[in-house]
>>> print(open('query.pdb').read())   # PDB, C-alpha atoms and all ligand atoms
ATOM      1  CA  MET J   9     -20.601 155.296 -12.571
ATOM      2  CA  ARG J  10     -16.936 154.672 -11.770
ATOM      3  CA  HIS J  11     -14.786 157.539 -13.026
ATOM      4  CA  ASP J  12     -12.163 155.177 -14.513
ATOM      5  CA  LEU J  13     -14.699 153.823 -17.009
ATOM      6  CA  PRO J  14     -15.884 155.551 -20.207
ATOM      7  CA  PHE J  15     -19.155 157.454 -19.940
ATOM      8  CA  ALA J  16     -22.334 156.552 -21.835
ATOM      9  CA  ARG J  17     -25.947 157.632 -21.382
ATOM     10  CA  ALA J  18     -28.890 155.250 -21.412
ATOM     11  CA  GLY J  19     -30.216 154.992 -24.972
ATOM     12  CA  GLN J  20     -26.839 155.593 -26.612
ATOM     13  CA  VAL J  21     -25.442 153.059 -29.059
ATOM     14  CA  ILE J  22     -21.813 152.171 -28.395
ATOM     15  CA  GLY J  23     -19.707 150.067 -30.752
ATOM     16  CA  LEU J  24     -17.099 147.895 -29.032
ATOM     17  CA  LEU J  25     -13.930 147.012 -30.911
ATOM     18  CA  GLY J  26     -12.030 144.480 -28.838
ATOM     19  CA  GLY J  27      -8.465 143.715 -29.749
ATOM     20  CA  SER J  28      -4.913 143.074 -28.712
ATOM     21  CA  PHE J  29      -3.853 146.306 -30.479
ATOM     22  CA  ASP J  30      -0.275 145.020 -30.364
ATOM     23  CA  PRO J  31       0.243 147.564 -31.885
ATOM     24  CA  ALA J  32      -2.779 149.579 -33.056
ATOM     25  CA  HIS J  33      -2.633 150.521 -36.733
ATOM     26  CA  GLU J  34      -4.489 152.280 -39.538
ATOM     27  CA  GLY J  35      -6.605 149.160 -40.236
ATOM     28  CA  HIS J  36      -8.185 149.525 -36.779
ATOM     29  CA  ALA J  37      -8.734 153.250 -37.278
ATOM     30  CA  HIS J  38     -10.226 152.690 -40.723
ATOM     31  CA  ILE J  39     -12.805 150.077 -39.663
ATOM     32  CA  THR J  40     -13.713 152.234 -36.663
ATOM     33  CA  ARG J  41     -14.507 155.241 -38.867
ATOM     34  CA  GLU J  42     -16.522 153.021 -41.234
ATOM     35  CA  ALA J  43     -18.418 151.455 -38.330
ATOM     36  CA  LEU J  44     -19.276 154.896 -36.920
ATOM     37  CA  ARG J  45     -20.564 156.015 -40.301
ATOM     38  CA  ARG J  46     -22.431 152.893 -41.347
ATOM     39  CA  PHE J  47     -23.811 151.274 -38.179
ATOM     40  CA  GLY J  48     -25.493 154.348 -36.672
ATOM     41  CA  LEU J  49     -23.241 154.384 -33.599
ATOM     42  CA  ASP J  50     -22.943 157.272 -31.143
ATOM     43  CA  ALA J  51     -19.411 156.256 -30.186
ATOM     44  CA  VAL J  52     -16.871 153.444 -30.410
ATOM     45  CA  TRP J  53     -14.818 152.160 -27.518
ATOM     46  CA  TRP J  54     -11.609 150.285 -28.235
ATOM     47  CA  LEU J  55     -11.299 147.565 -25.623
ATOM     48  CA  VAL J  56      -7.566 146.976 -25.342
ATOM     49  CA  SER J  57      -7.454 143.354 -24.239
ATOM     50  CA  PRO J  58      -5.304 142.130 -21.318
ATOM     51  CA  GLY J  59      -4.590 139.187 -23.675
ATOM     52  CA  ASN J  60      -6.498 137.214 -26.300
ATOM     53  CA  PRO J  61      -7.467 133.920 -24.622
ATOM     54  CA  LEU J  62      -6.748 132.050 -27.888
ATOM     55  CA  LYS J  63      -3.218 133.408 -28.355
ATOM     56  CA  ASP J  64      -0.308 131.584 -26.655
ATOM     57  CA  GLU J  65       2.064 134.520 -26.501
ATOM     58  CA  GLY J  66       1.134 137.480 -24.286
ATOM     59  CA  PRO J  67       0.981 140.958 -25.838
ATOM     60  CA  ALA J  68       3.129 143.993 -25.022
ATOM     61  CA  ASP J  69       2.569 145.922 -21.822
ATOM     62  CA  MET J  70      -0.923 147.417 -21.522
ATOM     63  CA  THR J  71       0.249 151.014 -21.000
ATOM     64  CA  ARG J  72       2.366 150.942 -24.155
ATOM     65  CA  ARG J  73      -0.499 149.501 -26.204
ATOM     66  CA  MET J  74      -2.947 152.063 -24.815
ATOM     67  CA  ASP J  75      -0.539 154.938 -25.563
ATOM     68  CA  ARG J  76       0.005 153.741 -29.134
ATOM     69  CA  ALA J  77      -3.739 153.224 -29.631
ATOM     70  CA  ARG J  78      -4.420 156.817 -28.549
ATOM     71  CA  GLU J  79      -1.793 158.099 -31.002
ATOM     72  CA  VAL J  80      -3.302 156.110 -33.873
ATOM     73  CA  MET J  81      -6.965 156.828 -33.157
ATOM     74  CA  GLN J  82      -7.751 160.440 -32.483
ATOM     75  CA  HIS J  83     -11.446 160.999 -32.973
ATOM     76  CA  PRO J  84     -13.954 162.858 -30.792
ATOM     77  CA  ARG J  85     -16.302 159.870 -30.741
ATOM     78  CA  VAL J  86     -13.747 157.148 -30.079
ATOM     79  CA  GLU J  87     -12.421 156.205 -26.667
ATOM     80  CA  VAL J  88      -9.490 153.880 -25.988
ATOM     81  CA  SER J  89     -10.179 151.893 -22.835
ATOM     82  CA  ASP J  90      -8.743 149.206 -20.568
ATOM     83  CA  ILE J  91     -12.208 148.163 -19.349
ATOM     84  CA  GLU J  92     -11.391 144.445 -19.443
ATOM     85  CA  ALA J  93      -8.407 144.931 -17.137
ATOM     86  CA  ARG J  94     -10.669 146.860 -14.762
ATOM     87  CA  THR J  95     -13.590 144.422 -14.832
ATOM     88  CA  GLY J  96     -11.208 141.459 -14.654
ATOM     89  CA  THR J  97     -12.839 139.851 -17.698
ATOM     90  CA  ARG J  98     -10.869 138.252 -20.513
ATOM     91  CA  TYR J  99     -13.505 136.460 -22.517
ATOM     92  CA  THR J 100     -15.848 138.586 -24.600
ATOM     93  CA  ALA J 101     -19.024 136.948 -23.281
ATOM     94  CA  GLN J 102     -17.901 137.768 -19.723
ATOM     95  CA  THR J 103     -17.079 141.354 -20.709
ATOM     96  CA  LEU J 104     -20.515 141.828 -22.253
ATOM     97  CA  ARG J 105     -22.170 140.533 -19.080
ATOM     98  CA  ALA J 106     -20.118 142.988 -17.005
ATOM     99  CA  LEU J 107     -20.935 145.909 -19.323
ATOM    100  CA  ALA J 108     -24.670 145.145 -19.224
ATOM    101  CA  LYS J 109     -24.541 145.509 -15.424
ATOM    102  CA  LEU J 110     -22.337 148.612 -15.457
ATOM    103  CA  TYR J 111     -24.303 150.432 -18.185
ATOM    104  CA  PRO J 112     -28.018 149.717 -17.831
ATOM    105  CA  GLY J 113     -29.959 151.050 -20.844
ATOM    106  CA  VAL J 114     -26.886 151.494 -23.045
ATOM    107  CA  ARG J 115     -27.017 149.530 -26.304
ATOM    108  CA  PHE J 116     -23.793 147.815 -27.303
ATOM    109  CA  VAL J 117     -22.779 146.544 -30.737
ATOM    110  CA  TRP J 118     -19.796 144.191 -31.004
ATOM    111  CA  LEU J 119     -17.485 145.074 -33.899
ATOM    112  CA  MET J 120     -14.963 142.777 -35.549
ATOM    113  CA  GLY J 121     -12.948 142.205 -38.671
ATOM    114  CA  ALA J 122     -13.911 139.318 -40.963
ATOM    115  CA  ASP J 123     -11.050 137.157 -39.626
ATOM    116  CA  ASN J 124     -12.661 137.131 -36.197
ATOM    117  CA  LEU J 125     -16.034 136.039 -37.589
ATOM    118  CA  ALA J 126     -14.294 133.140 -39.339
ATOM    119  CA  GLN J 127     -13.187 131.724 -35.981
ATOM    120  CA  LEU J 128     -15.943 133.029 -33.725
ATOM    121  CA  ASP J 129     -17.181 129.510 -33.000
ATOM    122  CA  ARG J 130     -13.948 128.933 -31.021
ATOM    123  CA  TRP J 131     -14.764 131.730 -28.579
ATOM    124  CA  GLN J 132     -16.157 130.949 -25.158
ATOM    125  CA  ASP J 133     -20.001 131.107 -25.122
ATOM    126  CA  TRP J 134     -19.973 132.479 -28.661
ATOM    127  CA  GLN J 135     -23.640 131.834 -29.274
ATOM    128  CA  GLU J 136     -24.463 133.827 -26.148
ATOM    129  CA  ILE J 137     -22.506 136.723 -27.690
ATOM    130  CA  MET J 138     -24.504 136.476 -30.931
ATOM    131  CA  GLU J 139     -27.730 136.357 -28.978
ATOM    132  CA  THR J 140     -26.878 139.230 -26.630
ATOM    133  CA  VAL J 141     -25.623 142.029 -28.885
ATOM    134  CA  PRO J 142     -25.897 142.956 -32.556
ATOM    135  CA  VAL J 143     -22.602 142.251 -34.341
ATOM    136  CA  GLY J 144     -21.042 144.422 -37.047
ATOM    137  CA  VAL J 145     -18.437 142.689 -39.217
ATOM    138  CA  LEU J 146     -16.035 144.598 -41.470
ATOM    139  CA  ALA J 147     -14.259 143.130 -44.483
ATOM    140  CA  ARG J 148     -10.585 142.292 -44.132
ATOM    141  CA  PRO J 149      -8.185 141.363 -46.956
ATOM    142  CA  GLY J 150      -8.210 137.638 -47.671
ATOM    143  CA  GLN J 151     -10.918 136.883 -45.108
ATOM    144  CA  ARG J 152     -14.206 137.511 -46.859
ATOM    145  CA  ILE J 153     -14.775 133.958 -48.050
ATOM    146  CA  SER J 154     -13.762 132.248 -44.804
ATOM    147  CA  ALA J 155     -16.002 134.648 -42.869
ATOM    148  CA  ARG J 156     -18.986 134.108 -45.133
ATOM    149  CA  SER J 157     -18.660 130.318 -44.967
ATOM    150  CA  SER J 158     -17.937 130.253 -41.222
ATOM    151  CA  LYS J 159     -19.996 128.291 -38.736
ATOM    152  CA  ALA J 160     -21.313 131.525 -37.189
ATOM    153  CA  ALA J 161     -22.408 132.929 -40.569
ATOM    154  CA  ARG J 162     -24.127 129.671 -41.446
ATOM    155  CA  LEU J 163     -25.896 129.178 -38.118
ATOM    156  CA  TYR J 164     -27.151 132.777 -37.997
ATOM    157  CA  ARG J 165     -27.804 133.223 -41.726
ATOM    158  CA  THR J 166     -31.444 134.242 -41.248
ATOM    159  CA  ASP J 167     -30.411 136.968 -38.775
ATOM    160  CA  LYS J 168     -28.123 138.729 -41.251
ATOM    161  CA  LEU J 169     -29.093 142.263 -42.188
ATOM    162  CA  PRO J 170     -28.305 143.367 -45.748
ATOM    163  CA  ALA J 171     -25.498 145.934 -45.944
ATOM    164  CA  ARG J 172     -27.926 148.563 -47.274
ATOM    165  CA  ALA J 173     -29.760 148.315 -43.915
ATOM    166  CA  SER J 174     -26.576 148.627 -41.820
ATOM    167  CA  HIS J 175     -27.859 151.812 -40.121
ATOM    168  CA  ARG J 176     -30.575 149.733 -38.518
ATOM    169  CA  LEU J 177     -28.175 147.212 -36.942
ATOM    170  CA  ALA J 178     -28.599 148.535 -33.414
ATOM    171  CA  LEU J 179     -32.338 149.108 -33.703
ATOM    172  CA  GLY J 180     -33.431 145.509 -33.210
ATOM    173  CA  ALA J 181     -32.780 142.713 -30.771
ATOM    174  CA  ALA J 182     -29.979 140.173 -31.195
ATOM    175  CA  PRO J 183     -29.318 137.863 -32.892
ATOM    176  CA  ARG J 184     -28.731 140.378 -35.633
ATOM    177  CA  TRP J 185     -25.548 140.930 -37.617
ATOM    178  CA  CYS J 186     -24.332 142.713 -40.689
ATOM    179  CA  PHE J 187     -21.303 142.249 -42.960
ATOM    180  CA  LEU J 188     -19.919 145.438 -44.493
ATOM    181  CA  ASN J 189     -17.861 145.206 -47.622
ATOM    182  CA  VAL J 190     -15.925 148.401 -46.935
ATOM    183  CA  PRO J 191     -12.760 149.398 -48.831
ATOM    184  CA  MET J 192      -9.990 147.384 -47.200
ATOM    185  CA  VAL J 193      -6.730 148.401 -45.570
ATOM    186  CA  ASP J 194      -4.169 145.615 -45.908
ATOM    187  CA  ILE J 195      -2.266 145.875 -42.641
ATOM    188  CA  SER J 196      -1.921 143.760 -39.496
ATOM    189  CA  SER J 197      -0.151 144.007 -36.144
ATOM    190  CA  THR J 198       1.708 140.777 -36.975
ATOM    191  CA  ARG J 199       3.202 142.386 -40.067
ATOM    192  CA  ILE J 200       4.238 145.495 -38.111
ATOM    193  CA  ARG J 201       5.927 143.315 -35.452
ATOM    194  CA  LYS J 202       7.699 141.223 -38.104
ATOM    195  CA  SER J 203       8.995 144.317 -39.848
ATOM    196  CA  GLY J 204      10.533 145.484 -36.558
ATOM    197  CA  GLY J 205       8.096 148.382 -36.189
ATOM    198  CA  TRP J 206       7.018 147.252 -32.700
ATOM    199  CA  SER J 207       8.458 144.983 -30.046
ATOM    200  CA  ARG J 208       6.662 143.221 -27.242
ATOM    201  CA  GLY J 209       9.391 144.042 -24.751
ATOM    202  CA  PRO J 210       9.479 147.098 -22.477
ATOM    203  CA  ALA J 211       9.699 150.537 -24.077
ATOM    204  CA  PRO J 212      13.316 151.224 -25.161
ATOM    205  CA  VAL J 213      15.225 153.584 -22.855
ATOM    206  CA  ARG J 214      16.146 156.748 -24.754
ATOM    207  CA  LYS J 215      19.931 157.207 -24.951
ATOM    208  CA  ASP J 216      19.699 160.988 -24.575
ATOM    209  CA  ARG J 217      17.948 160.648 -21.210
ATOM    210  CA  LYS J 218      20.139 161.385 -18.125
ATOM    211  CA  MET J 219      19.980 158.648 -15.479
TER     212      MET J 219
HETATM  213  N1  LIG J 301      -6.743 145.647 -41.538
HETATM  214  C1  LIG J 301      -7.868 145.290 -40.910
HETATM  215  N2  LIG J 301      -9.051 145.230 -41.575
HETATM  216  C2  LIG J 301     -10.189 144.840 -40.935
HETATM  217  N3  LIG J 301     -10.260 144.498 -39.617
HETATM  218  C3  LIG J 301      -9.117 144.541 -38.912
HETATM  219  C4  LIG J 301      -7.868 144.941 -39.519
HETATM  220  N4  LIG J 301      -6.919 144.889 -38.553
HETATM  221  C5  LIG J 301      -7.517 144.468 -37.430
HETATM  222  N5  LIG J 301      -8.841 144.264 -37.635
HETATM  223  C6  LIG J 301      -9.827 143.838 -36.626
HETATM  224  O1  LIG J 301      -9.617 144.610 -35.452
HETATM  225  C7  LIG J 301      -9.838 143.823 -34.278
HETATM  226  C8  LIG J 301      -8.587 143.816 -33.414
HETATM  227  O2  LIG J 301      -7.531 143.276 -34.182
HETATM  228  P1  LIG J 301      -6.085 142.949 -33.602
HETATM  229  O3  LIG J 301      -5.756 143.910 -32.520
HETATM  230  O4  LIG J 301      -5.967 141.509 -33.348
HETATM  231  O5  LIG J 301      -5.159 143.340 -34.862
HETATM  232  P2  LIG J 301      -4.475 142.359 -35.890
HETATM  233  O6  LIG J 301      -3.822 143.221 -36.902
HETATM  234  O7  LIG J 301      -5.456 141.329 -36.363
HETATM  235  O8  LIG J 301      -3.385 141.668 -34.940
HETATM  236  P3  LIG J 301      -2.509 140.336 -35.126
HETATM  237  O9  LIG J 301      -1.863 140.423 -36.483
HETATM  238  O10 LIG J 301      -1.544 140.413 -33.983
HETATM  239  O11 LIG J 301      -3.476 139.168 -35.008
HETATM  240  C9  LIG J 301     -10.205 142.419 -34.796
HETATM  241  O12 LIG J 301     -11.624 142.346 -34.832
HETATM  242  C10 LIG J 301      -9.648 142.402 -36.200
HETATM  243  O13 LIG J 301     -10.387 141.529 -37.048
HETATM  244  O1  LIG J 302     -14.028 135.267 -25.686
HETATM  245  C1  LIG J 302     -13.247 134.557 -26.311
HETATM  246  O2  LIG J 302     -13.186 133.320 -26.191
HETATM  247  C2  LIG J 302     -12.303 135.253 -27.287
HETATM  248  C3  LIG J 302     -11.402 134.530 -28.061
HETATM  249  C4  LIG J 302     -10.557 135.208 -28.944
HETATM  250  C5  LIG J 302     -10.639 136.598 -29.034
HETATM  251  N1  LIG J 302     -11.537 137.244 -28.280
HETATM  252  C6  LIG J 302     -11.627 138.722 -28.356
HETATM  253  O3  LIG J 302     -11.570 139.136 -29.696
HETATM  254  C7  LIG J 302     -10.991 140.427 -29.792
HETATM  255  C8  LIG J 302      -9.917 140.400 -30.870
HETATM  256  O4  LIG J 302      -8.806 139.703 -30.374
HETATM  257  P1  LIG J 302      -7.408 139.832 -31.105
HETATM  258  O5  LIG J 302      -6.386 139.275 -30.192
HETATM  259  O6  LIG J 302      -7.573 139.070 -32.377
HETATM  260  O7  LIG J 302      -7.202 141.279 -31.325
HETATM  261  C9  LIG J 302     -10.481 140.743 -28.384
HETATM  262  O8  LIG J 302     -11.433 141.577 -27.747
HETATM  263  C10 LIG J 302     -10.438 139.393 -27.710
HETATM  264  O9  LIG J 302     -10.622 139.429 -26.320
HETATM  265  C11 LIG J 302     -12.359 136.617 -27.423
END
>>> encode(input="query.pdb", output="structure tokens", more="lines below")
Ligand SMILES: Nc1ncnc2c1ncn2[C@@H]1O[C@H](COP(=O)(O)OP(=O)(O)OP(=O)(O)O)[C@@H](O)[C@H]1O
Ligand SMILES: O=C(O)c1ccc[n+]([C@@H]2O[C@H](COP(=O)([O-])O)[C@@H](O)[C@H]2O)c1
Amino acid sequence: MRHDLPFARAGQVIGLLGGSFDPAHEGHAHITREALRRFGLDAVWWLVSPGNPLKDEGPADMTRRMDRAREVMQHPRVEVSDIEARTGTRYTAQTLRALAKLYPGVRFVWLMGADNLAQLDRWQDWQEIMETVPVGVLARPGQRISARSSKAARLYRTDKLPARASHRLALGAAPRWCFLNVPMVDISSTRIRKSGGWSRGPAPVRKDRKM
């Protein structure tokens, strides 16, 4: 195993939360804790994306986003990682193929907020994703209805596990998904950027620092 990649043993169940994390916030931390508790996961890895292929504007510098993510999410079973930058994969289906080769015997579960399920059918090879790994979806303010009526939810309706069986999500083969109606945290990176709480430019130079 390469030392720059997170460690997992064969048989472990790892939840993957992919995101721009531009910046990371309490909503990400909240759904991660819920996913750990409810989906029977051994650990969660945050995959800080080099850039969402569907977004026109690039995110802030990777190092800044990783640093902020590690400040926001401090948990012994959560690891913040730049795996996609290291594997050179940008699309989730590609990343999952790379992880399957790098981690034989490890079971991965893809995690996402309800807004991502609503537009999953726009992702590259999205049906391959659904048929490769179990998917855990967490409620997000204003997104429950669009997620439930999405193309993905409709096409895979018979593969949906009831929320009361969420602990069994990783125990069966994909396609298999579960929607968790967890208490919601109404926050987004967009709102933080708009309020001036985060800029996409380089880190500001501190005035008290001697040149
Ligand atoms: N408040 C939240 N509740 C539930 N899921 C969330 C929340 N915030 C983010 N997520 C989920 O976390 C993952 C990564 O999200 P992302 O980094 O894009 O944050 P975001 O707040 O949605 O950003 P942006 O506003 O820039 O689109 C996605 O699956 C997203 O659905
Ligand atoms: O694979 C795709 O086509 C694809 C399209 C849009 C988003 N994604 C992934 O979805 C995750 C959430 O993205 P974002 O930008 O909404 O945080 C992140 O891991 C992206 O790489 C993936």
>>> residues_near_point(input="query.pdb", point="(-6.7, 153.9, -41.6)", cutoff="10 Å", atoms="only C-alpha atoms", output="ChimeraX atom specification")
/J:33-42,80-81,192-195
>>> residues_near_ligand(input="query.pdb", ligand="ligand LIG 302 (chain J)", cutoff="6 Å", atoms="all atoms listed in the file", output="list in words")
Gly26, Gly27, Ser28, Ser57, Asn60, Pro61, Leu62, Arg98, Tyr99, Thr100, Ala101, Trp131 and Gln132 of chain J
>>> closest_residue(input="query.pdb", among="J:Asp90, J:Leu188, J:Pro31, J:Pro183", to="Asp12 of chain J", atoms="only C-alpha atoms")
J:Asp90
>>> residues_near_point(input="query.pdb", point="(-22.2, 142.4, -31.9)", cutoff="8 Å", atoms="all atoms listed in the file", output="ChimeraX atom specification")
/J:116-119,137-138,140-144,184-185
>>> closest_residue(input="query.pdb", among="J:Pro170, J:Gln135, J:Gln127, J:Phe29", to="Pro67 of chain J", atoms="all atoms listed in the file")
J:Phe29
>>> atom_distance(input="query.pdb", atom1="atom C7 of ligand LIG 301 (chain J)", atom2="atom CA of Leu107 of chain J")
18.7 Å
>>> axis_aligned_box(input="query.pdb", around="ligand LIG 301 (chain J)", padding_each_side="6 Å", output="lines of an AutoDock Vina configuration file")
center_x = -6.6
center_y = 142.4
center_z = -37.0
size_x = 22.1
size_y = 18.5
size_z = 21.1
>>> closest_residue(input="query.pdb", among="J:Phe15, J:Trp54, J:Phe47, J:Tyr164", to="ligand LIG 301 (chain J)", atoms="all atoms listed in the file")
J:Trp54
>>> closest_residue(input="query.pdb", among="J:Asp30, J:Leu104, J:Ser158, J:Ser89", to="ligand LIG 301 (chain J)", atoms="all atoms listed in the file")
J:Asp30
